[in-house]
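query_33.csv, holding CSV, N, CA and C atoms:
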```csv
chain,number,residue,atom,x,y,z
A,1,MET,N,1.2,-19.8,2.9
A,1,MET,CA,1.1,-18.5,2.2
A,1,MET,C,2.5,-17.8,2.3
A,2,SER,N,2.8,-17.1,1.3
A,2,SER,CA,4.1,-16.4,1.3
A,2,SER,C,4.0,-15.2,0.4
A,3,PHE,N,4.8,-14.2,0.7
A,3,PHE,CA,4.9,-13.1,-0.2
A,3,PHE,C,5.5,-13.6,-1.5
A,4,ILE,N,5.1,-13.0,-2.6
A,4,ILE,CA,5.6,-13.4,-3.9
A,4,ILE,C,6.1,-12.2,-4.7
A,5,ILE,N,7.2,-12.4,-5.4
A,5,ILE,CA,7.7,-11.3,-6.2
A,5,ILE,C,7.2,-11.6,-7.7
A,6,GLY,N,6.5,-10.7,-8.2
A,6,GLY,CA,5.9,-10.9,-9.5
A,6,GLY,C,6.7,-10.5,-10.7
A,7,LYS,N,6.1,-10.5,-11.9
A,7,LYS,CA,6.8,-10.3,-13.1
A,7,LYS,C,7.4,-8.9,-13.3
A,8,ALA,N,6.9,-7.9,-12.6
A,8,ALA,CA,7.4,-6.6,-12.7
A,8,ALA,C,8.9,-6.5,-12.3
A,9,CYS,N,9.4,-7.5,-11.5
A,9,CYS,CA,10.8,-7.5,-11.1
A,9,CYS,C,11.7,-8.0,-12.3
A,10,ASP,N,11.1,-8.7,-13.2
A,10,ASP,CA,11.9,-9.2,-14.3
A,10,ASP,C,12.7,-8.2,-15.0
A,11,GLY,N,14.0,-8.4,-15.1
A,11,GLY,CA,14.9,-7.4,-15.7
A,11,GLY,C,15.3,-6.3,-14.8
A,12,VAL,N,14.7,-6.2,-13.6
A,12,VAL,CA,15.0,-5.1,-12.7
A,12,VAL,C,16.0,-5.5,-11.6
A,13,CYS,N,15.6,-6.5,-10.8
A,13,CYS,CA,16.4,-7.1,-9.7
A,13,CYS,C,16.9,-6.0,-8.8
A,14,ASP,N,16.1,-5.0,-8.5
A,14,ASP,CA,16.5,-4.0,-7.5
A,14,ASP,C,16.6,-4.7,-6.1
A,15,THR,N,17.7,-4.6,-5.4
A,15,THR,CA,17.8,-5.3,-4.1
A,15,THR,C,17.4,-4.5,-2.9
A,16,ALA,N,16.7,-3.4,-3.1
A,16,ALA,CA,16.2,-2.6,-1.9
A,16,ALA,C,15.4,-3.5,-1.0
A,17,CYS,N,14.6,-4.4,-1.5
A,17,CYS,CA,13.8,-5.3,-0.7
A,17,CYS,C,14.7,-6.2,0.1
A,18,VAL,N,15.8,-6.6,-0.4
A,18,VAL,CA,16.7,-7.6,0.2
A,18,VAL,C,17.3,-6.9,1.5
A,19,THR,N,17.6,-5.7,1.4
A,19,THR,CA,18.3,-5.0,2.5
A,19,THR,C,17.4,-4.8,3.7
A,20,VAL,N,16.1,-4.8,3.5
A,20,VAL,CA,15.2,-4.6,4.7
A,20,VAL,C,14.6,-5.9,5.2
A,21,CYS,N,14.8,-7.0,4.6
A,21,CYS,CA,14.2,-8.3,5.0
A,21,CYS,C,14.9,-8.8,6.3
A,22,PRO,N,14.2,-8.9,7.4
A,22,PRO,CA,14.8,-9.3,8.6
A,22,PRO,C,15.2,-10.7,8.7
A,23,VAL,N,14.8,-11.6,7.8
A,23,VAL,CA,15.1,-13.0,7.8
A,23,VAL,C,15.9,-13.4,6.6
A,24,ASP,N,16.3,-12.5,5.8
A,24,ASP,CA,17.1,-12.8,4.6
A,24,ASP,C,16.5,-13.9,3.7
A,25,CYS,N,15.3,-13.7,3.4
A,25,CYS,CA,14.6,-14.8,2.6
A,25,CYS,C,14.5,-14.4,1.1
A,26,ILE,N,15.0,-13.3,0.7
A,26,ILE,CA,14.9,-12.8,-0.7
A,26,ILE,C,16.2,-13.1,-1.4
A,27,HIS,N,16.1,-13.9,-2.5
A,27,HIS,CA,17.3,-14.4,-3.2
A,27,HIS,C,17.1,-14.3,-4.7
A,28,GLY,N,18.2,-14.7,-5.4
A,28,GLY,CA,18.1,-14.8,-6.8
A,28,GLY,C,18.9,-13.7,-7.5
A,29,PRO,N,19.0,-13.6,-8.7
A,29,PRO,CA,18.2,-14.4,-9.7
A,29,PRO,C,18.9,-15.7,-10.0
A,30,ILE,N,20.1,-15.9,-9.5
A,30,ILE,CA,20.9,-17.1,-9.9
A,30,ILE,C,21.1,-18.0,-8.6
A,31,ASP,N,21.6,-17.4,-7.6
A,31,ASP,CA,22.0,-18.1,-6.4
A,31,ASP,C,20.8,-18.2,-5.4
A,32,ILE,N,20.5,-19.4,-4.9
A,32,ILE,CA,19.3,-19.5,-4.0
A,32,ILE,C,19.6,-19.0,-2.6
A,33,SER,N,20.9,-18.6,-2.3
A,33,SER,CA,21.2,-18.1,-1.0
A,33,SER,C,22.0,-16.8,-1.1
A,34,GLY,N,22.1,-16.2,-2.3
A,34,GLY,CA,23.0,-15.1,-2.5
A,34,GLY,C,22.4,-13.7,-2.2
A,35,ARG,N,21.2,-13.6,-1.8
A,35,ARG,CA,20.6,-12.3,-1.5
A,35,ARG,C,20.7,-11.3,-2.6
A,36,GLY,N,20.7,-11.8,-3.9
A,36,GLY,CA,20.7,-10.9,-5.0
A,36,GLY,C,22.0,-10.2,-5.4
A,37,MET,N,23.0,-10.6,-4.7
A,37,MET,CA,24.3,-9.9,-4.9
A,37,MET,C,24.9,-10.2,-6.3
A,38,GLU,N,24.5,-11.3,-6.9
A,38,GLU,CA,25.0,-11.6,-8.2
A,38,GLU,C,24.6,-10.6,-9.3
A,39,VAL,N,23.7,-9.7,-9.0
A,39,VAL,CA,23.2,-8.8,-10.0
A,39,VAL,C,24.1,-7.5,-10.1
A,40,ASP,N,25.0,-7.4,-9.0
A,40,ASP,CA,25.9,-6.2,-9.1
A,40,ASP,C,26.8,-6.3,-10.3
A,41,GLY,N,26.7,-5.2,-11.1
A,41,GLY,CA,27.5,-5.1,-12.3
A,41,GLY,C,26.9,-5.7,-13.5
A,42,MET,N,25.7,-6.3,-13.4
A,42,MET,CA,25.1,-6.9,-14.6
A,42,MET,C,24.5,-5.7,-15.4
A,43,SER,N,24.6,-5.9,-16.7
A,43,SER,CA,24.1,-4.9,-17.7
A,43,SER,C,22.6,-5.1,-17.8
A,44,GLU,N,21.9,-4.2,-18.4
A,44,GLU,CA,20.4,-4.3,-18.7
A,44,GLU,C,20.2,-5.6,-19.5
A,45,GLU,N,21.0,-5.8,-20.4
A,45,GLU,CA,20.9,-7.0,-21.3
A,45,GLU,C,21.0,-8.3,-20.5
A,46,GLU,N,22.0,-8.3,-19.6
A,46,GLU,CA,22.2,-9.5,-18.8
A,46,GLU,C,21.1,-9.7,-17.8
A,47,LEU,N,20.4,-8.7,-17.3
A,47,LEU,CA,19.3,-8.8,-16.4
A,47,LEU,C,18.0,-9.3,-17.0
A,48,LYS,N,17.9,-9.2,-18.3
A,48,LYS,CA,16.6,-9.6,-19.0
A,48,LYS,C,16.3,-11.0,-18.6
A,49,GLY,N,15.1,-11.3,-18.2
A,49,GLY,CA,14.6,-12.6,-17.9
A,49,GLY,C,15.0,-13.1,-16.5
A,50,LYS,N,15.6,-12.2,-15.7
A,50,LYS,CA,16.1,-12.5,-14.3
A,50,LYS,C,15.3,-11.7,-13.4
A,51,GLN,N,15.0,-12.2,-12.2
A,51,GLN,CA,14.3,-11.5,-11.1
A,51,GLN,C,14.7,-12.1,-9.8
A,52,LEU,N,14.2,-11.5,-8.7
A,52,LEU,CA,14.5,-11.9,-7.4
A,52,LEU,C,13.3,-12.8,-6.9
A,53,TYR,N,13.5,-13.6,-5.9
A,53,TYR,CA,12.5,-14.5,-5.4
A,53,TYR,C,12.4,-14.5,-3.9
A,54,ILE,N,11.3,-14.8,-3.3
A,54,ILE,CA,11.1,-14.9,-1.9
A,54,ILE,C,11.0,-16.4,-1.5
A,55,ASN,N,11.8,-16.9,-0.6
A,55,ASN,CA,11.7,-18.3,-0.2
A,55,ASN,C,10.5,-18.4,0.7
A,56,PRO,N,9.5,-19.2,0.2
A,56,PRO,CA,8.2,-19.3,1.0
A,56,PRO,C,8.4,-20.1,2.3
A,57,LYS,N,9.4,-20.8,2.4
A,57,LYS,CA,9.6,-21.5,3.7
A,57,LYS,C,10.3,-20.6,4.7
A,58,GLU,N,10.9,-19.6,4.3
A,58,GLU,CA,11.7,-18.7,5.2
A,58,GLU,C,10.9,-17.4,5.5
A,59,CYS,N,10.0,-17.0,4.6
A,59,CYS,CA,9.3,-15.7,4.7
A,59,CYS,C,8.4,-15.7,6.0
A,60,ILE,N,8.5,-14.6,6.8
A,60,ILE,CA,7.7,-14.5,8.0
A,60,ILE,C,6.5,-13.6,7.8
A,61,ASP,N,6.2,-13.2,6.6
A,61,ASP,CA,5.1,-12.4,6.2
A,61,ASP,C,5.1,-11.0,6.9
A,62,CYS,N,6.2,-10.4,7.1
A,62,CYS,CA,6.3,-9.2,7.8
A,62,CYS,C,5.9,-8.0,7.0
A,63,GLY,N,6.1,-8.0,5.7
A,63,GLY,CA,5.7,-7.0,4.8
A,63,GLY,C,6.8,-5.9,4.6
A,64,ALA,N,7.9,-6.0,5.3
A,64,ALA,CA,8.9,-4.9,5.2
A,64,ALA,C,9.4,-4.7,3.7
A,65,CYS,N,9.3,-5.7,2.9
A,65,CYS,CA,9.8,-5.6,1.5
A,65,CYS,C,8.9,-4.8,0.6
A,66,ILE,N,7.6,-4.8,0.9
A,66,ILE,CA,6.7,-4.2,0.0
A,66,ILE,C,6.9,-2.7,-0.3
A,67,PRO,N,7.0,-1.9,0.7
A,67,PRO,CA,7.3,-0.4,0.4
A,67,PRO,C,8.6,-0.1,-0.2
A,68,GLU,N,9.6,-1.1,-0.1
A,68,GLU,CA,10.9,-0.9,-0.7
A,68,GLU,C,11.0,-1.2,-2.1
A,69,CYS,N,10.1,-1.9,-2.7
A,69,CYS,CA,10.2,-2.4,-4.1
A,69,CYS,C,9.8,-1.2,-5.0
A,70,PRO,N,10.8,-0.7,-5.8
A,70,PRO,CA,10.5,0.5,-6.7
A,70,PRO,C,9.5,0.2,-7.8
A,71,VAL,N,9.3,-1.1,-8.2
A,71,VAL,CA,8.5,-1.4,-9.3
A,71,VAL,C,7.2,-2.1,-8.8
A,72,LYS,N,6.9,-2.1,-7.5
A,72,LYS,CA,5.7,-2.6,-7.0
A,72,LYS,C,5.5,-4.1,-7.4
A,73,ALA,N,6.5,-4.9,-7.3
A,73,ALA,CA,6.4,-6.3,-7.8
A,73,ALA,C,6.1,-7.3,-6.7
A,74,ILE,N,6.0,-6.8,-5.4
A,74,ILE,CA,5.9,-7.8,-4.3
A,74,ILE,C,4.4,-7.8,-3.9
A,75,PHE,N,3.9,-9.0,-3.8
A,75,PHE,CA,2.5,-9.2,-3.4
A,75,PHE,C,2.4,-9.9,-2.1
A,76,PRO,N,1.4,-9.6,-1.2
A,76,PRO,CA,1.4,-10.2,0.1
A,76,PRO,C,0.9,-11.7,0.1
A,77,THR,N,0.3,-12.2,-0.9
A,77,THR,CA,-0.1,-13.6,-1.0
A,77,THR,C,-0.1,-14.1,-2.4
A,78,GLU,N,-0.1,-15.4,-2.5
A,78,GLU,CA,-0.1,-16.0,-3.8
A,78,GLU,C,-1.4,-15.6,-4.6
A,79,GLN,N,-2.5,-15.5,-3.9
A,79,GLN,CA,-3.8,-15.2,-4.6
A,79,GLN,C,-3.7,-13.7,-5.0
A,80,ASP,N,-3.1,-12.8,-4.3
A,80,ASP,CA,-3.0,-11.4,-4.7
A,80,ASP,C,-2.2,-11.4,-6.0
A,81,THR,N,-1.1,-12.1,-6.1
A,81,THR,CA,-0.3,-12.2,-7.3
A,81,THR,C,-1.1,-12.7,-8.5
A,82,ILE,N,-1.9,-13.7,-8.3
A,82,ILE,CA,-2.7,-14.3,-9.3
A,82,ILE,C,-3.8,-13.3,-9.8
A,83,ASP,N,-4.4,-12.7,-8.8
A,83,ASP,CA,-5.5,-11.7,-9.2
A,83,ASP,C,-4.9,-10.5,-10.0
A,84,VAL,N,-3.8,-10.0,-9.7
A,84,VAL,CA,-3.2,-8.9,-10.4
A,84,VAL,C,-2.6,-9.3,-11.7
A,85,GLU,N,-1.9,-10.4,-11.7
A,85,GLU,CA,-1.2,-10.8,-12.9
A,85,GLU,C,-2.0,-11.7,-13.9
A,86,GLY,N,-3.1,-12.2,-13.4
A,86,GLY,CA,-4.0,-13.0,-14.2
A,86,GLY,C,-3.6,-14.5,-14.4
A,87,ASN,N,-2.6,-14.9,-13.8
A,87,ASN,CA,-2.2,-16.3,-13.8
A,87,ASN,C,-1.3,-16.6,-12.6
A,88,ASP,N,-0.9,-17.9,-12.5
A,88,ASP,CA,-0.1,-18.3,-11.3
A,88,ASP,C,1.4,-18.5,-11.7
A,89,GLU,N,1.8,-18.0,-12.9
A,89,GLU,CA,3.2,-18.2,-13.3
A,89,GLU,C,4.3,-17.7,-12.3
A,90,SER,N,4.1,-16.5,-11.8
A,90,SER,CA,5.0,-15.9,-10.9
A,90,SER,C,5.1,-16.7,-9.6
A,91,VAL,N,3.9,-17.1,-9.2
A,91,VAL,CA,3.8,-17.9,-7.9
A,91,VAL,C,4.6,-19.2,-8.1
A,92,LYS,N,4.4,-19.9,-9.2
A,92,LYS,CA,5.1,-21.1,-9.5
A,92,LYS,C,6.6,-20.9,-9.6
A,93,LYS,N,7.0,-19.8,-10.3
A,93,LYS,CA,8.5,-19.5,-10.4
A,93,LYS,C,9.1,-19.3,-9.1
A,94,ASN,N,8.4,-18.6,-8.2
A,94,ASN,CA,9.0,-18.3,-6.8
A,94,ASN,C,9.2,-19.6,-6.1
A,95,TYR,N,8.3,-20.5,-6.1
A,95,TYR,CA,8.4,-21.8,-5.4
A,95,TYR,C,9.5,-22.7,-6.1
A,96,GLU,N,9.4,-22.8,-7.4
A,96,GLU,CA,10.4,-23.6,-8.2
A,96,GLU,C,11.8,-23.2,-8.0
A,97,PHE,N,12.0,-21.9,-7.9
A,97,PHE,CA,13.4,-21.4,-7.7
A,97,PHE,C,14.1,-22.0,-6.5
A,98,PHE,N,13.3,-22.3,-5.5
A,98,PHE,CA,13.8,-22.9,-4.3
A,98,PHE,C,13.6,-24.5,-4.2
A,99,GLY,N,13.2,-25.0,-5.4
A,99,GLY,CA,13.0,-26.5,-5.5
A,99,GLY,C,11.8,-27.0,-4.8
A,100,GLN,N,10.8,-26.1,-4.7
A,100,GLN,CA,9.5,-26.4,-4.0
A,100,GLN,C,8.4,-26.4,-5.0
A,101,LYS,N,7.3,-26.9,-4.6
A,101,LYS,CA,6.1,-26.9,-5.5
A,101,LYS,C,5.0,-26.0,-4.9
A,102,PHE,N,4.4,-25.2,-5.7
A,102,PHE,CA,3.3,-24.4,-5.3
A,102,PHE,C,2.1,-25.3,-4.9
A,103,GLY,N,1.6,-25.0,-3.7
A,103,GLY,CA,0.5,-25.8,-3.2
A,103,GLY,C,0.9,-26.9,-2.2
A,104,ASN,N,2.1,-27.0,-1.9
A,104,ASN,CA,2.6,-28.0,-0.9
A,104,ASN,C,3.1,-27.3,0.3
```

The structure given in the file should be rewritten as structure tokens.
Amino acid sequence: MSFIIGKACDGVCDTACVTVCPVDCIHGPIDISGRGMEVDGMSEEELKGKQLYINPKECIDCGACIPECPVKAIFPTEQDTIDVEGNDESVKKNYEFFGQKFGN
């Protein structure tokens, strides 16, 4: 199980969650190890279709990121994400961003 960033982050990429993560497991939208720094200076247009992701192999489930997310895009489990969003697309995207498969 891992915390998951859902579709509400799409086009936002606010890095407040990144700054409070004690294990630096939040990355994206382009660099799998860049801690979201590549969004600095991006326009709204450039951010469309981009979001941040939590590496499920690095996340320690501390929850520090949840209150920092201004768009309430972070869910404590895969199932919570699915229940709220109605499908597992965000869960799959989070795993695939790091070259992993959901369910493994």

- Message: What does the structure give for the distance between atom C of Glu44 of chain A and atom N of Gly63 of chain A, in Å to one decimal?
- Response: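 Between atom C of Glu44 of chain A and atom N of Gly63 of chain A the gap works out to 29.0 Å.
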
- Message: Excluding Lys72 of chain A and its own-chain neighbours fewer than 5 positions away, which residues fall within 7 Å of it when counting all atoms listed in the file? Please give them as number ranges by chain.
- Response: A: 6, 8-9, 66

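Shortest separation to Ala64 of chain A among A:Val20, A:Ile5, A:Thr15, A:Gly86 occurs at residue A:Val20, atoms counted being all atoms listed in the file.
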
- Query: If you count all atoms listed in the file, which residues fall within 7 Å of Met37 of chain A, apart from same-chain ones fewer than 5 positions away, as a PyMOL selection string?
  - Reply: chain A and resi 27-29

- Query: Between A:Gly11, A:Pro70, A:Gly103, A:Gly34, which one has atoms that come closest to Glu46 of chain A, using only C-alpha atoms?
  - Reply: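 Closest to Glu46 of chain A, using only C-alpha atoms: A:Gly11.
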
- Within segment 6-99 of chain A, find each residue whose DSSP state, derived from the backbone, is strand (DSSP E or B), and express the selection as a PyMOL selection string. chain A and resi 26-27+53-54+74-75

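If you look at atom C of Ile26 of chain A and atom C of Phe102 of chain A, they are 19.0 Å away from each other.
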
- Gap from atom N of Asp61 of chain A to atom C of Phe3 of chain A - Å, one decimal: 8.1 Å

- Task: Considering all atoms listed in the file, return as a ChimeraX atom specification whatever protein or nucleic-acid residues lie within 8 Å of Cys59 of chain A, sequence-local ones (same chain, fewer than 2 positions apart) excluded.
- Result: /A:1-3,23-26,54-57,61-62

Will you give me segment 38-57 of chain A, written with N, CA and C atoms and laid out as an mmCIF file, in the first residue's frame?
```cif
data_model
loop_
_atom_site.group_PDB
_atom_site.id
_atom_site.type_symbol
_atom_site.label_atom_id
_atom_site.label_comp_id
_atom_site.auth_asym_id
_atom_site.auth_seq_id
_atom_site.Cartn_x
_atom_site.Cartn_y
_atom_site.Cartn_z
ATOM 1 N N GLU A 38 11.107 20.499 -11.697
ATOM 2 C CA GLU A 38 10.996 20.857 -13.114
ATOM 3 C C GLU A 38 9.753 21.683 -13.422
ATOM 4 N N VAL A 39 8.832 21.839 -12.464
ATOM 5 C CA VAL A 39 7.641 22.641 -12.710
ATOM 6 C C VAL A 39 7.894 24.128 -12.495
ATOM 7 N N ASP A 40 8.994 24.456 -11.826
ATOM 8 C CA ASP A 40 9.312 25.867 -11.613
ATOM 9 C C ASP A 40 9.376 26.598 -12.952
ATOM 10 N N GLY A 41 8.576 27.632 -13.066
ATOM 11 C CA GLY A 41 8.585 28.435 -14.278
ATOM 12 C C GLY A 41 7.683 27.935 -15.391
ATOM 13 N N MET A 42 7.033 26.782 -15.199
ATOM 14 C CA MET A 42 6.114 26.286 -16.234
ATOM 15 C C MET A 42 4.830 27.110 -16.220
ATOM 16 N N SER A 43 4.309 27.360 -17.407
ATOM 17 C CA SER A 43 3.050 28.091 -17.523
ATOM 18 C C SER A 43 1.881 27.137 -17.253
ATOM 19 N N GLU A 44 0.692 27.706 -17.082
ATOM 20 C CA GLU A 44 -0.510 26.889 -16.895
ATOM 21 C C GLU A 44 -0.685 25.922 -18.063
ATOM 22 N N GLU A 45 -0.426 26.410 -19.244
ATOM 23 C CA GLU A 45 -0.556 25.577 -20.447
ATOM 24 C C GLU A 45 0.430 24.405 -20.417
ATOM 25 N N GLU A 46 1.660 24.677 -20.017
ATOM 26 C CA GLU A 46 2.681 23.624 -19.949
ATOM 27 C C GLU A 46 2.376 22.595 -18.864
ATOM 28 N N LEU A 47 1.674 22.999 -17.814
ATOM 29 C CA LEU A 47 1.346 22.091 -16.708
ATOM 30 C C LEU A 47 0.178 21.154 -17.019
ATOM 31 N N LYS A 48 -0.628 21.497 -18.017
ATOM 32 C CA LYS A 48 -1.783 20.660 -18.353
ATOM 33 C C LYS A 48 -1.331 19.231 -18.638
ATOM 34 N N GLY A 49 -2.005 18.282 -17.997
ATOM 35 C CA GLY A 49 -1.697 16.876 -18.192
ATOM 36 C C GLY A 49 -0.527 16.378 -17.358
ATOM 37 N N LYS A 50 0.035 17.252 -16.527
ATOM 38 C CA LYS A 50 1.168 16.865 -15.692
ATOM 39 C C LYS A 50 0.747 16.874 -14.227
ATOM 40 N N GLN A 51 1.355 15.986 -13.436
ATOM 41 C CA GLN A 51 1.090 15.948 -12.007
ATOM 42 C C GLN A 51 2.290 15.363 -11.283
ATOM 43 N N LEU A 52 2.227 15.363 -9.968
ATOM 44 C CA LEU A 52 3.269 14.767 -9.146
ATOM 45 C C LEU A 52 2.861 13.334 -8.815
ATOM 46 N N TYR A 53 3.839 12.532 -8.372
ATOM 47 C CA TYR A 53 3.599 11.129 -8.061
ATOM 48 C C TYR A 53 4.362 10.737 -6.801
ATOM 49 N N ILE A 54 3.849 9.745 -6.084
ATOM 50 C CA ILE A 54 4.502 9.215 -4.894
ATOM 51 C C ILE A 54 5.073 7.852 -5.232
ATOM 52 N N ASN A 55 6.374 7.680 -4.993
ATOM 53 C CA ASN A 55 7.001 6.390 -5.265
ATOM 54 C C ASN A 55 6.547 5.385 -4.212
ATOM 55 N N PRO A 56 5.783 4.365 -4.624
ATOM 56 C CA PRO A 56 5.238 3.416 -3.650
ATOM 57 C C PRO A 56 6.291 2.576 -2.940
ATOM 58 N N LYS A 57 7.473 2.465 -3.524
ATOM 59 C CA LYS A 57 8.534 1.691 -2.862
ATOM 60 C C LYS A 57 9.286 2.531 -1.829
#
```
